[in-house]
file final.cif (mmCIF, C-alpha atoms)
data_final
loop_
_atom_site.label_atom_id
_atom_site.label_comp_id
_atom_site.auth_asym_id
_atom_site.auth_seq_id
_atom_site.Cartn_x
_atom_site.Cartn_y
_atom_site.Cartn_z
CA MET Z 1 -13.54 -54.60 14.46
CA ASN Z 2 -9.94 -54.95 13.32
CA ASN Z 3 -7.44 -54.78 16.18
CA THR Z 4 -4.26 -54.84 14.14
CA THR Z 5 -1.26 -53.40 15.87
CA HIS Z 6 1.11 -51.29 13.84
CA ARG Z 7 4.74 -51.97 14.67
CA ARG Z 8 7.38 -49.45 13.80
CA GLU Z 9 10.93 -50.41 13.16
CA TYR Z 10 13.45 -48.09 14.82
CA ARG Z 11 17.09 -47.77 14.02
CA MET Z 12 19.76 -46.33 16.32
CA TYR Z 13 21.22 -43.05 15.10
CA ASP Z 14 24.73 -41.92 16.01
CA PHE Z 15 24.48 -38.15 16.58
CA ALA Z 16 28.25 -37.93 17.16
CA ARG Z 17 28.99 -39.29 13.67
CA PRO Z 18 25.91 -38.69 11.52
CA GLU Z 19 25.54 -40.25 8.11
CA PRO Z 20 25.93 -37.62 5.38
CA PHE Z 21 22.77 -36.46 3.64
CA THR Z 22 22.43 -37.23 -0.04
CA ALA Z 23 22.15 -34.39 -2.58
CA GLY Z 24 18.45 -35.22 -2.94
CA GLN Z 25 17.90 -34.97 0.82
CA ILE Z 26 19.75 -31.64 0.96
CA ASN Z 27 17.56 -30.28 -1.85
CA ALA Z 28 14.41 -31.48 -0.06
CA ILE Z 29 15.55 -29.84 3.20
CA ARG Z 30 16.36 -26.62 1.32
CA THR Z 31 12.87 -26.59 -0.24
CA ILE Z 32 11.17 -27.21 3.10
CA HIS Z 33 13.16 -24.41 4.74
CA ARG Z 34 12.44 -21.96 1.90
CA ARG Z 35 8.71 -22.65 2.09
CA PHE Z 36 8.78 -22.30 5.87
CA ALA Z 37 10.66 -18.99 5.55
CA GLU Z 38 8.09 -17.66 3.05
CA GLN Z 39 5.15 -18.62 5.26
CA ALA Z 40 6.83 -17.34 8.44
CA SER Z 41 7.56 -14.02 6.70
CA ILE Z 42 3.89 -13.61 5.84
CA LEU Z 43 2.62 -14.59 9.29
CA LEU Z 44 5.14 -12.47 11.19
CA SER Z 45 4.48 -9.47 8.94
CA GLU Z 46 0.78 -9.71 9.76
CA GLU Z 47 1.33 -10.34 13.48
CA LEU Z 48 3.85 -7.53 13.98
CA ALA Z 49 2.42 -5.04 11.45
CA ALA Z 50 5.85 -4.66 9.87
CA GLU Z 51 7.50 -5.99 6.75
CA ILE Z 52 9.43 -9.11 7.76
CA LEU Z 53 11.58 -11.00 5.26
CA ILE Z 54 13.06 -14.34 6.23
CA GLN Z 55 15.51 -16.07 3.91
CA VAL Z 56 17.48 -19.30 4.13
CA SER Z 57 21.17 -18.42 4.26
CA GLY Z 58 22.45 -21.97 3.96
CA ILE Z 59 22.01 -25.62 4.76
CA ASP Z 60 24.75 -27.44 6.66
CA GLN Z 61 25.04 -30.81 8.32
CA LEU Z 62 26.98 -31.07 11.54
CA PRO Z 63 26.86 -33.17 14.71
CA PHE Z 64 24.26 -32.03 17.25
CA GLU Z 65 26.95 -31.50 19.91
CA GLU Z 66 28.77 -29.05 17.64
CA PHE Z 67 25.51 -27.20 16.90
CA VAL Z 68 24.82 -26.81 20.63
CA ARG Z 69 28.39 -25.63 21.26
CA MET Z 70 28.06 -22.96 18.53
CA THR Z 71 24.69 -21.69 19.81
CA ASP Z 72 24.62 -18.49 21.85
CA THR Z 73 23.22 -19.19 25.34
CA ARG Z 74 20.92 -16.16 24.91
CA SER Z 75 19.18 -17.76 21.91
CA PHE Z 76 15.45 -18.44 22.03
CA CYS Z 77 14.39 -22.03 21.38
CA ALA Z 78 10.76 -23.00 20.85
CA GLU Z 79 9.11 -26.34 20.27
CA ILE Z 80 6.43 -26.01 17.59
CA GLU Z 81 3.58 -28.32 16.64
CA PRO Z 82 2.85 -27.73 12.92
CA THR Z 83 -0.93 -28.24 12.89
CA PRO Z 84 -2.41 -30.16 11.08
CA LEU Z 85 0.80 -32.16 10.56
CA PRO Z 86 1.85 -34.70 13.18
CA GLY Z 87 4.98 -34.23 15.25
CA GLN Z 88 7.02 -31.33 16.49
CA PHE Z 89 10.10 -29.36 15.52
CA SER Z 90 12.44 -26.97 17.25
CA LEU Z 91 13.01 -23.41 16.16
CA MET Z 92 16.11 -21.59 17.36
CA LEU Z 93 16.29 -17.79 17.09
CA GLU Z 94 19.56 -15.95 17.52
CA PRO Z 95 19.45 -13.18 20.16
CA ALA Z 96 19.34 -10.34 17.60
CA ILE Z 97 16.24 -11.82 15.97
CA ALA Z 98 14.56 -12.74 19.25
CA TYR Z 99 15.09 -9.26 20.75
CA ALA Z 100 13.87 -7.55 17.56
CA LEU Z 101 10.70 -9.67 17.43
CA ALA Z 102 9.95 -9.11 21.11
CA ALA Z 103 10.60 -5.36 20.82
CA ARG Z 104 8.35 -5.03 17.78
CA ALA Z 105 5.59 -7.08 19.42
CA LEU Z 106 5.74 -4.73 22.41
CA GLY Z 107 5.36 -1.69 20.12
CA GLY Z 108 9.01 -0.75 19.78
CA ALA Z 109 11.05 -0.20 16.67
CA VAL Z 110 13.01 -2.88 14.87
CA GLY Z 111 16.78 -2.38 14.84
CA ILE Z 112 17.43 -2.20 18.56
CA ARG Z 113 20.84 -3.00 19.95
CA VAL Z 114 21.09 -6.54 21.32
CA PRO Z 115 21.49 -6.30 25.08
CA ASP Z 116 24.18 -8.37 26.76
CA ARG Z 117 21.70 -10.35 28.85
CA HIS Z 118 19.25 -13.22 28.57
CA LEU Z 119 15.67 -12.57 27.50
CA SER Z 120 13.47 -11.31 30.33
CA GLY Z 121 10.37 -13.18 31.49
CA ILE Z 122 8.16 -10.67 29.68
CA GLU Z 123 10.13 -11.03 26.43
CA LEU Z 124 9.97 -14.82 26.68
CA ALA Z 125 6.20 -14.72 27.23
CA VAL Z 126 5.74 -12.41 24.23
CA LEU Z 127 7.87 -14.63 21.98
CA ARG Z 128 5.94 -17.74 23.03
CA GLU Z 129 2.71 -16.08 21.89
CA ILE Z 130 4.05 -15.05 18.46
#
call {"tool": "encode", "arguments": {"input": "final.cif", "output": "structure tokens"}}
result
Amino acid sequence: MNNTTHRREYRMYDFARPEPFTAGQINAIRTIHRRFAEQASILLSEELAAEILIQVSGIDQLPFEEFVRMTDTRSFCAEIEPTPLPGQFSLMLEPAIAYALAARALGGAVGIRVPDRHLSGIELAVLREI
């Protein structure tokens, strides 16, 4: 039996001053996001019995600290494991999207006004199951 150990080389990454992406990397990220949006549209449409269309509005690179500062504290953030692929990724939903998905999943209509509050425990539980 072969007991070879695989060593991975790690490199420190400066999140405060990230290296700019190349044009090729930006195009690859755009393609990945478009495919994800297409698949998420199909799955959410089936799950919520409503026509859902998700589109990529843009791809930007900015320091993580700036992204966190710009994010609404009422946003919904989920950690997703993309089976059968290894690893995890984070998905952040703005409050308007999170409230609309939760409302639709609970049998309500899409297009509700976004309340000026954080998601309730019930809404969070519903979103985690979608």
call {"tool": "residues_around", "arguments": {"input": "final.cif", "residues": "Z:Pro63", "least_positions_apart": "3", "cutoff": "12 Å", "atoms": "all atoms listed in the file", "output": "PDB file with C-alpha atoms, in the frame of the given file"}}
result
ATOM      1  CA  TYR Z  13      21.220 -43.050  15.100  1.00  0.00           C
ATOM      2  CA  ASP Z  14      24.730 -41.920  16.010  1.00  0.00           C
ATOM      3  CA  PHE Z  15      24.480 -38.150  16.580  1.00  0.00           C
ATOM      4  CA  ALA Z  16      28.250 -37.930  17.160  1.00  0.00           C
ATOM      5  CA  ARG Z  17      28.990 -39.290  13.670  1.00  0.00           C
ATOM      6  CA  PRO Z  18      25.910 -38.690  11.520  1.00  0.00           C
ATOM      7  CA  GLU Z  19      25.540 -40.250   8.110  1.00  0.00           C
ATOM      8  CA  PRO Z  20      25.930 -37.620   5.380  1.00  0.00           C
ATOM      9  CA  ASP Z  60      24.750 -27.440   6.660  1.00  0.00           C
ATOM     10  CA  GLU Z  66      28.770 -29.050  17.640  1.00  0.00           C
ATOM     11  CA  PHE Z  67      25.510 -27.200  16.900  1.00  0.00           C
ATOM     12  CA  VAL Z  68      24.820 -26.810  20.630  1.00  0.00           C
ATOM     13  CA  ARG Z  69      28.390 -25.630  21.260  1.00  0.00           C
ATOM     14  CA  MET Z  70      28.060 -22.960  18.530  1.00  0.00           C
TER      15      MET Z  70
END
call {"tool": "atom_distance", "arguments": {"input": "final.cif", "atom1": "atom CA of Z:Leu53", "atom2": "atom CA of Z:Arg117"}}
result
25.7 Å
call {"tool": "resolve_selection", "arguments": {"input": "final.cif", "expression": "the PyMOL selection byres ((chain Z and resi 98) around 9)", "output": "NGL selection string"}}
result
:Z and (75-76 or 93-97 or 99-103 or 119 or 123-124 or 127)
call {"tool": "residues_around", "arguments": {"input": "final.cif", "residues": "Z:Glu38", "least_positions_apart": "4", "cutoff": "7 Å", "atoms": "only C-alpha atoms", "output": "list in words"}}
result
Arg34, Ile42 and Ile54 of chain Z
call {"tool": "atom_distance", "arguments": {"input": "final.cif", "atom1": "atom CA of Z:Ala109", "atom2": "atom CA of Z:Ile52"}}
result
12.7 Å
call {"tool": "atom_distance", "arguments": {"input": "final.cif", "atom1": "atom CA of Z:Leu91", "atom2": "atom CA of Z:Ala37"}}
result
11.7 Å
call {"tool": "closest_residue", "arguments": {"input": "final.cif", "among": "Z:Ile59, Z:Thr71, Z:Gly107, Z:His118", "to": "Z:Ala28", "atoms": "only C-alpha atoms"}}
result
Z:Ile59
call {"tool": "closest_residue", "arguments": {"input": "final.cif", "among": "Z:Pro82, Z:Gln61, Z:Ser90, Z:Arg74", "to": "Z:Gln25", "atoms": "only C-alpha atoms"}}
result
Z:Gln61
call {"tool": "closest_residue", "arguments": {"input": "final.cif", "among": "Z:Arg8, Z:Ile26, Z:His33, Z:Ile130", "to": "Z:Ile80", "atoms": "only C-alpha atoms"}}
result
Z:Ile130
call {"tool": "closest_residue", "arguments": {"input": "final.cif", "among": "Z:Ala78, Z:Arg7, Z:Thr73, Z:Ser41", "to": "Z:Arg128", "atoms": "all atoms listed in the file"}}
result
Z:Ala78
call {"tool": "axis_aligned_box", "arguments": {"input": "final.cif", "around": "stretch 76-95 of chain Z", "padding_each_side": "8 Å", "output": "AutoDock Vina command-line options"}}
result
--center_x 8.6 --center_y -23.9 --center_z 16.3 --size_x 38.0 --size_y 37.5 --size_z 27.5
call {"tool": "closest_residue", "arguments": {"input": "final.cif", "among": "Z:Ile29, Z:Leu44, Z:Val126, Z:Cys77", "to": "Z:Val56", "atoms": "only C-alpha atoms"}}
result
Z:Ile29
call {"tool": "resolve_selection", "arguments": {"input": "final.cif", "expression": "the PyMOL selection byres ((chain Z and resi 48) around 8)", "output": "number ranges by chain"}}
result
Z: 44-47, 49-50, 101, 104-105
call {"tool": "build_atoms", "arguments": {"input": "final.cif", "residues": "stretch 12-44 of chain Z", "atoms": "N, CA and C atoms", "output": "short mmCIF file (atom, residue, chain, number, x, y, z; two decimals), keeping the file's coordinate frame"}}
result
data_model
loop_
_atom_site.label_atom_id
_atom_site.label_comp_id
_atom_site.auth_asym_id
_atom_site.auth_seq_id
_atom_site.Cartn_x
_atom_site.Cartn_y
_atom_site.Cartn_z
N MET Z 12 18.92 -47.22 15.50
CA MET Z 12 19.76 -46.33 16.32
C MET Z 12 20.46 -45.32 15.40
N TYR Z 13 20.56 -44.09 15.88
CA TYR Z 13 21.22 -43.05 15.10
C TYR Z 13 22.37 -42.50 15.93
N ASP Z 14 23.53 -42.41 15.33
CA ASP Z 14 24.73 -41.92 16.01
C ASP Z 14 24.86 -40.41 15.76
N PHE Z 15 24.43 -39.60 16.72
CA PHE Z 15 24.48 -38.15 16.58
C PHE Z 15 25.91 -37.62 16.57
N ALA Z 16 26.85 -38.37 17.14
CA ALA Z 16 28.25 -37.93 17.16
C ALA Z 16 28.89 -38.06 15.78
N ARG Z 17 28.47 -39.07 15.03
CA ARG Z 17 28.99 -39.29 13.67
C ARG Z 17 27.82 -39.55 12.73
N PRO Z 18 27.10 -38.49 12.37
CA PRO Z 18 25.91 -38.69 11.52
C PRO Z 18 26.27 -39.12 10.11
N GLU Z 19 25.36 -39.86 9.51
CA GLU Z 19 25.54 -40.25 8.11
C GLU Z 19 25.31 -39.02 7.25
N PRO Z 20 26.12 -38.80 6.23
CA PRO Z 20 25.93 -37.62 5.38
C PRO Z 20 24.62 -37.69 4.61
N PHE Z 21 23.98 -36.54 4.46
CA PHE Z 21 22.77 -36.46 3.64
C PHE Z 21 23.14 -36.61 2.18
N THR Z 22 22.22 -37.16 1.40
CA THR Z 22 22.43 -37.23 -0.04
C THR Z 22 22.08 -35.87 -0.65
N ALA Z 23 22.47 -35.65 -1.90
CA ALA Z 23 22.15 -34.39 -2.58
C ALA Z 23 20.63 -34.20 -2.66
N GLY Z 24 19.90 -35.29 -2.89
CA GLY Z 24 18.45 -35.22 -2.94
C GLY Z 24 17.84 -34.81 -1.61
N GLN Z 25 18.39 -35.34 -0.51
CA GLN Z 25 17.90 -34.97 0.82
C GLN Z 25 18.20 -33.50 1.12
N ILE Z 26 19.39 -33.04 0.75
CA ILE Z 26 19.75 -31.64 0.96
C ILE Z 26 18.80 -30.73 0.20
N ASN Z 27 18.49 -31.08 -1.06
CA ASN Z 27 17.56 -30.28 -1.85
C ASN Z 27 16.17 -30.26 -1.23
N ALA Z 28 15.72 -31.41 -0.71
CA ALA Z 28 14.41 -31.48 -0.06
C ALA Z 28 14.39 -30.61 1.20
N ILE Z 29 15.46 -30.67 1.99
CA ILE Z 29 15.55 -29.84 3.20
C ILE Z 29 15.57 -28.36 2.83
N ARG Z 30 16.30 -28.01 1.78
CA ARG Z 30 16.36 -26.62 1.32
C ARG Z 30 14.96 -26.13 0.92
N THR Z 31 14.23 -26.95 0.19
CA THR Z 31 12.87 -26.59 -0.24
C THR Z 31 11.95 -26.41 0.95
N ILE Z 32 12.01 -27.32 1.90
CA ILE Z 32 11.17 -27.21 3.10
C ILE Z 32 11.49 -25.92 3.85
N HIS Z 33 12.78 -25.61 4.01
CA HIS Z 33 13.16 -24.41 4.74
C HIS Z 33 12.74 -23.14 3.99
N ARG Z 34 12.86 -23.13 2.68
CA ARG Z 34 12.44 -21.96 1.90
C ARG Z 34 10.95 -21.73 2.03
N ARG Z 35 10.17 -22.79 1.94
CA ARG Z 35 8.71 -22.65 2.09
C ARG Z 35 8.35 -22.19 3.49
N PHE Z 36 9.03 -22.74 4.49
CA PHE Z 36 8.78 -22.30 5.87
C PHE Z 36 9.12 -20.82 6.01
N ALA Z 37 10.25 -20.39 5.46
CA ALA Z 37 10.66 -18.99 5.55
C ALA Z 37 9.63 -18.07 4.89
N GLU Z 38 9.11 -18.48 3.74
CA GLU Z 38 8.09 -17.66 3.05
C GLU Z 38 6.84 -17.53 3.91
N GLN Z 39 6.36 -18.65 4.44
CA GLN Z 39 5.15 -18.62 5.26
C GLN Z 39 5.37 -17.86 6.57
N ALA Z 40 6.53 -18.06 7.19
CA ALA Z 40 6.83 -17.34 8.44
C ALA Z 40 6.93 -15.85 8.19
N SER Z 41 7.48 -15.45 7.05
CA SER Z 41 7.56 -14.02 6.70
C SER Z 41 6.17 -13.41 6.63
N ILE Z 42 5.26 -14.11 5.97
CA ILE Z 42 3.89 -13.61 5.84
C ILE Z 42 3.21 -13.51 7.20
N LEU Z 43 3.29 -14.58 7.99
CA LEU Z 43 2.62 -14.59 9.29
C LEU Z 43 3.20 -13.56 10.25
N LEU Z 44 4.53 -13.45 10.29
CA LEU Z 44 5.14 -12.47 11.19
C LEU Z 44 4.85 -11.04 10.75
#
